[in-house]
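Participant: You'll find upload.tsv just under this line, and it carries TSV, C-alpha atoms and all ligand atoms.
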```tsv
chain	number	residue	atom	x	y	z
A	1	MET	CA	-2.91	-18.70	-135.99
A	2	SER	CA	-0.33	-16.15	-137.12
A	3	ILE	CA	-0.06	-14.98	-140.69
A	4	ILE	CA	3.34	-15.89	-142.17
A	5	LEU	CA	5.13	-13.04	-143.96
A	6	TYR	CA	8.15	-13.67	-146.18
A	7	ASP	CA	10.21	-10.57	-145.53
A	8	LEU	CA	13.41	-9.37	-147.24
A	9	ALA	CA	16.37	-9.60	-144.83
A	10	GLY	CA	20.00	-8.57	-144.96
A	11	ALA	CA	23.06	-10.60	-143.99
A	12	ASP	CA	21.77	-9.91	-140.49
A	13	PRO	CA	18.43	-11.74	-140.41
A	14	ASP	CA	16.99	-9.05	-138.14
A	15	LEU	CA	17.69	-6.27	-140.64
A	16	ARG	CA	14.45	-5.91	-142.64
A	17	PHE	CA	14.49	-3.16	-145.22
A	18	SER	CA	12.03	-3.84	-148.04
A	19	PRO	CA	9.81	-0.82	-148.82
A	20	TYR	CA	7.04	-3.21	-149.87
A	21	CYS	CA	7.32	-5.64	-146.95
A	22	TRP	CA	7.15	-2.68	-144.56
A	23	ARG	CA	3.84	-1.59	-146.14
A	24	THR	CA	2.51	-5.06	-145.30
A	25	ARG	CA	4.02	-5.00	-141.79
A	26	PHE	CA	2.21	-1.72	-141.05
A	27	ALA	CA	-1.05	-2.96	-142.59
A	28	LEU	CA	-0.98	-6.16	-140.51
A	29	ALA	CA	-0.22	-4.15	-137.35
A	30	HIS	CA	-3.07	-1.73	-138.17
A	31	LYS	CA	-5.43	-4.70	-138.33
A	32	GLY	CA	-3.98	-6.10	-135.09
A	33	LEU	CA	-3.24	-9.39	-136.87
A	34	PRO	CA	-0.47	-11.55	-135.42
A	35	VAL	CA	2.39	-12.15	-137.84
A	36	GLU	CA	5.38	-14.42	-137.97
A	37	THR	CA	8.04	-13.19	-140.36
A	38	VAL	CA	10.37	-15.46	-142.32
A	39	PRO	CA	13.64	-13.84	-143.46
A	40	TRP	CA	14.06	-14.10	-147.24
A	41	ARG	CA	17.07	-13.23	-149.41
A	42	PHE	CA	17.01	-12.20	-153.07
A	43	THR	CA	18.55	-15.49	-154.23
A	44	ASP	CA	16.49	-17.80	-152.00
A	45	GLY	CA	13.95	-18.57	-154.69
A	46	ALA	CA	11.57	-20.22	-152.19
A	47	VAL	CA	8.71	-17.78	-152.79
A	48	ILE	CA	8.85	-18.54	-156.51
A	49	ALA	CA	8.05	-22.17	-155.82
A	50	PHE	CA	4.85	-21.64	-153.89
A	51	SER	CA	3.61	-18.18	-154.88
A	52	GLY	CA	4.25	-18.39	-158.62
A	53	GLN	CA	6.36	-15.21	-158.64
A	54	GLY	CA	9.74	-14.12	-157.32
A	55	LYS	CA	9.18	-11.09	-155.11
A	56	VAL	CA	8.32	-10.35	-151.50
A	57	PRO	CA	6.13	-9.60	-149.63
A	58	VAL	CA	4.30	-12.91	-149.75
A	59	ILE	CA	1.90	-13.86	-146.97
A	60	VAL	CA	0.46	-17.25	-146.09
A	61	ASP	CA	-2.80	-17.03	-144.17
A	62	ALA	CA	-4.15	-20.44	-143.11
A	63	GLY	CA	-2.76	-21.97	-146.32
A	64	LYS	CA	-3.86	-19.10	-148.59
A	65	VAL	CA	-0.88	-17.57	-150.42
A	66	VAL	CA	-1.05	-13.87	-151.39
A	67	SER	CA	1.75	-11.83	-152.99
A	68	ASP	CA	2.22	-8.12	-153.85
A	69	SER	CA	1.80	-5.50	-151.12
A	70	TRP	CA	-1.23	-3.87	-152.77
A	71	VAL	CA	-3.01	-7.19	-153.33
A	72	ILE	CA	-2.20	-8.14	-149.73
A	73	ALA	CA	-3.73	-4.86	-148.46
A	74	ASP	CA	-6.90	-5.63	-150.43
A	75	TYR	CA	-6.95	-9.17	-149.10
A	76	LEU	CA	-6.55	-8.03	-145.48
A	77	GLU	CA	-9.30	-5.42	-145.90
A	78	GLU	CA	-11.65	-8.09	-147.21
A	79	GLN	CA	-10.77	-10.66	-144.54
A	80	ALA	CA	-10.74	-8.26	-141.56
A	81	PRO	CA	-12.75	-5.12	-142.48
A	82	THR	CA	-12.12	-3.29	-139.18
A	83	PRO	CA	-10.13	-1.29	-138.38
A	84	THR	CA	-10.25	-0.22	-142.01
A	85	LEU	CA	-7.14	0.37	-144.14
A	86	PHE	CA	-8.91	2.43	-146.78
A	87	GLY	CA	-12.10	3.87	-145.27
A	88	GLY	CA	-14.20	2.71	-148.20
A	89	PRO	CA	-13.96	2.74	-152.02
A	90	THR	CA	-13.01	6.43	-152.34
A	91	GLY	CA	-10.23	6.06	-149.79
A	92	ARG	CA	-9.08	2.91	-151.56
A	93	ALA	CA	-8.87	4.81	-154.86
A	94	HIS	CA	-6.86	7.59	-153.19
A	95	ALA	CA	-4.54	4.99	-151.65
A	96	SER	CA	-4.16	3.41	-155.09
A	97	PHE	CA	-2.97	6.80	-156.40
A	98	VAL	CA	-0.48	7.07	-153.52
A	99	ASN	CA	0.71	3.52	-154.27
A	100	ALA	CA	1.26	4.37	-157.94
A	101	TRP	CA	3.15	7.57	-156.98
A	102	ALA	CA	5.31	5.72	-154.45
A	103	ASP	CA	6.14	2.89	-156.87
A	104	SER	CA	6.80	5.03	-159.94
A	105	ILE	CA	8.45	8.13	-158.40
A	106	LEU	CA	9.41	7.70	-154.75
A	107	VAL	CA	11.09	4.26	-154.87
A	108	GLY	CA	13.26	5.20	-157.88
A	109	ALA	CA	14.19	8.55	-156.34
A	110	ILE	CA	15.24	6.95	-153.03
A	111	ALA	CA	17.22	4.23	-154.83
A	112	ARG	CA	19.58	6.88	-156.23
A	113	PHE	CA	20.61	7.76	-152.65
A	114	ILE	CA	21.07	4.31	-151.10
A	115	VAL	CA	21.51	1.65	-153.77
A	116	ARG	CA	25.27	1.34	-153.21
A	117	ASP	CA	24.76	1.25	-149.43
A	118	LEU	CA	22.53	-1.79	-149.88
A	119	LEU	CA	25.55	-3.82	-150.99
A	120	ASP	CA	26.98	-3.42	-147.49
A	121	ILE	CA	23.97	-4.93	-145.74
A	122	ILE	CA	22.59	-7.63	-148.04
A	123	ASP	CA	23.55	-11.26	-147.63
A	124	PRO	CA	26.93	-11.96	-149.31
A	125	LYS	CA	25.24	-14.62	-151.48
A	126	ASP	CA	22.96	-11.90	-152.95
A	127	VAL	CA	25.73	-9.43	-153.85
A	128	ASP	CA	26.50	-10.54	-157.42
A	129	TYR	CA	22.82	-10.86	-158.32
A	130	PHE	CA	21.96	-7.52	-156.75
A	131	ARG	CA	24.81	-5.64	-158.40
A	132	SER	CA	24.27	-7.08	-161.88
A	133	SER	CA	20.45	-6.79	-161.87
A	134	ARG	CA	20.43	-3.21	-160.54
A	135	GLU	CA	23.32	-2.02	-162.73
A	136	ALA	CA	21.46	-3.40	-165.76
A	137	ARG	CA	18.35	-1.48	-164.60
A	138	PHE	CA	20.19	1.82	-164.09
A	139	GLY	CA	22.68	1.42	-166.95
A	140	ALA	CA	25.48	2.50	-164.58
A	141	THR	CA	27.53	1.16	-161.69
A	142	LEU	CA	25.90	1.39	-158.27
A	143	GLU	CA	28.72	3.71	-157.22
A	144	ALA	CA	27.93	6.06	-160.13
A	145	VAL	CA	24.17	5.97	-159.41
A	146	GLN	CA	24.70	7.00	-155.78
A	147	ALA	CA	27.53	9.51	-156.42
A	148	GLY	CA	26.96	13.17	-155.54
A	149	ARG	CA	23.99	12.48	-153.27
A	150	GLU	CA	24.77	15.36	-150.90
A	151	ASP	CA	24.33	17.74	-153.86
A	152	ARG	CA	21.05	16.13	-154.96
A	153	VAL	CA	19.25	15.73	-151.65
A	154	ALA	CA	17.57	19.16	-151.77
A	155	ALA	CA	15.84	18.18	-155.02
A	156	PHE	CA	14.69	14.94	-153.40
A	157	ARG	CA	13.18	16.89	-150.51
A	158	ASP	CA	11.34	19.10	-153.03
A	159	LEU	CA	9.76	15.96	-154.46
A	160	LEU	CA	8.01	15.43	-151.12
A	161	LEU	CA	6.29	18.83	-151.26
A	162	PRO	CA	2.78	17.40	-151.86
A	163	VAL	CA	3.19	15.19	-148.77
A	164	ARG	CA	4.47	18.18	-146.77
A	165	LEU	CA	1.58	20.43	-147.85
A	166	HIS	CA	-0.97	17.77	-146.93
A	167	LEU	CA	0.66	17.25	-143.52
A	168	ARG	CA	0.41	20.97	-142.76
A	169	LYS	CA	-3.33	20.49	-142.37
A	170	ASN	CA	-3.59	16.81	-141.50
A	171	GLN	CA	-2.03	14.66	-138.84
A	172	TRP	CA	-1.91	11.67	-141.18
A	173	LEU	CA	-2.04	11.03	-144.93
A	174	GLY	CA	-5.35	9.34	-144.11
A	175	GLY	CA	-6.60	12.58	-142.49
A	176	ALA	CA	-7.64	12.26	-138.86
A	177	ALA	CA	-6.35	8.68	-138.55
A	178	PRO	CA	-3.60	6.67	-140.24
A	179	SER	CA	-4.66	4.71	-143.31
A	180	TYR	CA	-2.99	2.51	-145.88
A	181	ALA	CA	-1.77	5.68	-147.64
A	182	ASP	CA	0.37	6.30	-144.54
A	183	HIS	CA	1.62	2.71	-144.64
A	184	ILE	CA	2.64	3.05	-148.29
A	185	VAL	CA	4.75	6.17	-147.83
A	186	ALA	CA	6.06	5.32	-144.35
A	187	GLY	CA	6.81	1.75	-145.48
A	188	THR	CA	8.76	3.11	-148.43
A	189	LEU	CA	10.72	5.43	-146.13
A	190	MET	CA	11.58	2.48	-143.86
A	191	TRP	CA	13.84	1.31	-146.70
A	192	PRO	CA	16.39	4.16	-146.39
A	193	TYR	CA	15.74	4.42	-142.64
A	194	CYS	CA	16.81	0.78	-142.07
A	195	ALA	CA	19.33	0.27	-144.86
A	196	SER	CA	21.40	3.46	-144.89
A	197	ARG	CA	22.69	6.13	-142.55
A	198	PHE	CA	22.23	8.85	-145.19
A	199	GLU	CA	19.85	11.55	-143.89
A	200	LEU	CA	17.21	11.92	-146.60
A	201	LEU	CA	14.94	14.13	-144.49
A	202	GLU	CA	15.82	17.26	-142.55
A	203	PRO	CA	14.90	16.75	-138.88
A	204	ASN	CA	12.62	19.82	-138.84
A	205	ASP	CA	10.70	18.77	-141.96
A	206	PRO	CA	6.98	18.10	-141.26
A	207	VAL	CA	7.50	14.88	-143.23
A	208	ALA	CA	10.15	13.82	-140.70
A	209	HIS	CA	7.77	14.68	-137.82
A	210	TRP	CA	5.05	12.55	-139.43
A	211	GLN	CA	7.61	9.76	-139.99
A	212	GLY	CA	8.37	9.92	-136.26
A	213	ARG	CA	4.66	9.50	-135.48
A	214	MET	CA	4.53	6.53	-137.86
A	215	LEU	CA	7.56	4.94	-136.19
A	216	ASP	CA	5.74	5.20	-132.84
A	217	LEU	CA	2.48	3.63	-134.06
A	218	TYR	CA	1.53	0.03	-133.31
A	219	GLY	CA	3.59	-0.18	-130.15
A	220	GLY	CA	6.61	1.41	-131.78
A	221	LEU	CA	6.88	-1.22	-134.53
A	222	GLY	CA	8.94	1.00	-136.83
A	223	ARG	CA	10.96	2.50	-133.98
A	224	ALA	CA	12.04	-1.01	-132.94
A	225	ALA	CA	13.32	-1.86	-136.42
A	226	LYS	CA	16.96	-2.78	-136.68
A	227	ARG	CA	19.01	-0.22	-138.61
A	228	ALA	CA	22.26	-0.53	-140.54
B	1	LIG	N1	4.79	-4.68	-156.66
B	1	LIG	C1	5.44	-5.48	-155.64
B	1	LIG	C2	6.93	-5.18	-155.63
B	1	LIG	C3	7.70	-6.13	-154.68
B	1	LIG	C4	9.21	-6.04	-154.84
B	1	LIG	O1	9.74	-5.47	-155.80
B	1	LIG	N2	9.89	-6.63	-153.87
B	1	LIG	C5	11.35	-6.69	-153.92
B	1	LIG	C6	11.93	-6.54	-152.52
B	1	LIG	S1	11.84	-4.86	-151.98
B	1	LIG	C7	11.78	-8.08	-154.39
B	1	LIG	O2	11.27	-9.05	-153.89
B	1	LIG	N3	12.70	-8.14	-155.35
B	1	LIG	C8	13.19	-9.41	-155.83
B	1	LIG	C9	14.24	-9.23	-156.86
B	1	LIG	O3	14.61	-8.11	-157.19
B	1	LIG	O4	14.72	-10.26	-157.34
B	1	LIG	C10	4.78	-5.19	-154.28
B	1	LIG	O5	4.15	-4.12	-154.13
B	1	LIG	O6	4.82	-6.04	-153.39
```
What would the structure in this file look like if it were written as structure tokens?

Facilitator:
Amino acid sequence: MSIILYDLAGADPDLRFSPYCWRTRFALAHKGLPVETVPWRFTDGAVIAFSGQGKVPVIVDAGKVVSDSWVIADYLEEQAPTPTLFGGPTGRAHASFVNAWADSILVGAIARFIVRDLLDIIDPKDVDYFRSSREARFGATLEAVQAGREDRVAAFRDLLLPVRLHLRKNQWLGGAAPSYADHIVAGTLMWPYCASRFELLEPNDPVAHWQGRMLDLYGGLGRAAKRA
């Protein structure tokens, strides 16, 4: 039986752009677990009713409801230990560090380049909620948050230096094979990749080359993603 994944969608139900849902999509594909995705919009509310919280990803596995991408990764590792997502407790701790970095630094940095673009792809019924909740978070209009991005993109690319240095000597963030650390960062980068046409990465950046390898993994799961 397939695992059900509630997955953030745009006005176009095939446009899936959540940085957290993509982490789960990659993790499920890594495990070779069949998944059926259910498009979810910010104002749907359905996941609140049965998961006790209001965010996606949420998975339902034979009646068991699990929310939060990190908790889901742990759950999948426990339920289906091979192929491993973490490579043991030390790898899990390293992935936890990558998760904290992605959530606290990378997501916020990317938002400043694409948050206004998101208005053009989300479901019309989500627009008022999205604008007011995000403008309250940033303390500025979405247009002001995104303004001047061409002048700021070099600084964003500098932020990825630790990833770039690691990739000079390793094929994957997980080392010789992709791990959940790869899913975290690649999943986060699926957000701008799917939701915006703004080029965050230079094509000759080792990070972009690694992203290309990630897009090709799991039968080209990322490569097949619909883009804005
Ligand atoms: N810590 C959560 C974060 C999940 C999250 O923020 N999801 C966003 C979609 S990308 C969401 O559902 N937001 C609902 C809202 O803003 O109302 C995870 O890792 O899964």

Participant: Check which residues fall inside 6 Å of ligand LIG 1 (chain B) when counting only C-alpha atoms and all ligand atoms, and print them as a list in words.

Facilitator: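 Taking only C-alpha atoms and all ligand atoms into account, the residues around ligand LIG 1 (chain B) at most 6 Å away are Ser18, Pro19, Tyr20, Phe42, Lys55, Val56, Pro57, Asp68, Ser69 and Trp70 of chain A.
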
Participant: Filtering to C-alpha atoms, could you give me those residues as a short mmCIF file (atom, residue, chain, number, x, y, z; two decimals), in the coordinates of the input?

Facilitator:
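Output file part00.cif is given in full below:
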```
data_model
loop_
_atom_site.label_atom_id
_atom_site.label_comp_id
_atom_site.auth_asym_id
_atom_site.auth_seq_id
_atom_site.Cartn_x
_atom_site.Cartn_y
_atom_site.Cartn_z
CA SER A 18 12.03 -3.84 -148.04
CA PRO A 19 9.81 -0.82 -148.82
CA TYR A 20 7.04 -3.21 -149.87
CA PHE A 42 17.01 -12.20 -153.07
CA LYS A 55 9.18 -11.09 -155.11
CA VAL A 56 8.32 -10.35 -151.50
CA PRO A 57 6.13 -9.60 -149.63
CA ASP A 68 2.22 -8.12 -153.85
CA SER A 69 1.80 -5.50 -151.12
CA TRP A 70 -1.23 -3.87 -152.77
#
```

Participant: List the neighbours of Ala147 in chain A out to 9 Å using only C-alpha atoms; skip same-chain residues closer than 3 positions along the sequence, and give me the result as a list in words.

Facilitator: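 Final neighbour list, sorted by chain and number: Arg112, Phe113, Leu142, Glu143, Ala144 and Glu150 of chain A.
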
Participant: Using all atoms listed in the file, pick whichever of A:Phe17, A:Phe156, A:Tyr6, A:Tyr75 has the shortest atom-to-atom distance to Leu201 in chain A.

Facilitator: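 That would be A:Phe156, the residue with the smallest distance to Leu201 in chain A.
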
Participant: One decimal, Å: what's the distance from CA of His30 in chain A over to CA of Thr84 in chain A, could you say?

Facilitator: 8.3 Å

Participant: I'd like the contact shell of Val38 in chain A - 10 Å cut-off, all atoms listed in the file, skipping same-chain residues fewer than 5 positions apart - returned as a VMD selection string.

Facilitator: chain A and resid 4 to 9 13 58 to 59

Participant: My list of candidates is A:Arg168, A:Gly222, A:Met190, A:Val115. Which is closest to Val207 in chain A when distances are computed with all atoms listed in the file?

Facilitator: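 Selected residue with least distance to Val207 in chain A: A:Arg168.
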
Participant: Would you please work out which residue, of A:Gln171, A:Ser196, A:Ser96, A:Ser179, is nearest to Gly212 in chain A when using all atoms listed in the file?

Facilitator: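 Of A:Gln171, A:Ser196, A:Ser96, A:Ser179, the one nearest Gly212 in chain A is A:Gln171, counting all atoms listed in the file.
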
Participant: Could you write range 142-155 of chain A as a compact mmCIF listing (two decimals), in the coordinates of the input, with N, CA and C atoms rebuilt where they are missing?

Facilitator:
```txt
# COMPACT_ATOMS: atom_id res chain seq x y z
N LEU A 142 26.62 0.92 -159.45
CA LEU A 142 25.90 1.39 -158.27
C LEU A 142 26.63 2.59 -157.65
N GLU A 143 27.95 2.58 -157.76
CA GLU A 143 28.72 3.71 -157.22
C GLU A 143 28.37 4.99 -157.99
N ALA A 144 28.25 4.87 -159.32
CA ALA A 144 27.93 6.06 -160.13
C ALA A 144 26.51 6.53 -159.86
N VAL A 145 25.58 5.59 -159.67
CA VAL A 145 24.17 5.97 -159.41
C VAL A 145 24.08 6.78 -158.12
N GLN A 146 24.82 6.36 -157.10
CA GLN A 146 24.70 7.00 -155.78
C GLN A 146 25.58 8.25 -155.64
N ALA A 147 26.55 8.42 -156.56
CA ALA A 147 27.53 9.51 -156.42
C ALA A 147 26.84 10.88 -156.36
N GLY A 148 27.42 11.78 -155.59
CA GLY A 148 26.96 13.17 -155.54
C GLY A 148 25.65 13.35 -154.78
N ARG A 149 25.32 12.41 -153.90
CA ARG A 149 23.99 12.48 -153.27
C ARG A 149 23.82 13.71 -152.39
N GLU A 150 24.90 14.17 -151.76
CA GLU A 150 24.77 15.36 -150.90
C GLU A 150 24.29 16.56 -151.73
N ASP A 151 24.71 16.62 -152.99
CA ASP A 151 24.33 17.74 -153.86
C ASP A 151 22.91 17.59 -154.42
N ARG A 152 22.36 16.37 -154.34
CA ARG A 152 21.05 16.13 -154.96
C ARG A 152 19.92 16.05 -153.94
N VAL A 153 20.28 16.03 -152.65
CA VAL A 153 19.25 15.73 -151.65
C VAL A 153 18.18 16.83 -151.55
N ALA A 154 18.56 18.08 -151.84
CA ALA A 154 17.57 19.16 -151.77
C ALA A 154 16.46 18.92 -152.79
N ALA A 155 16.84 18.46 -153.98
CA ALA A 155 15.84 18.18 -155.02
C ALA A 155 14.93 17.02 -154.60
```
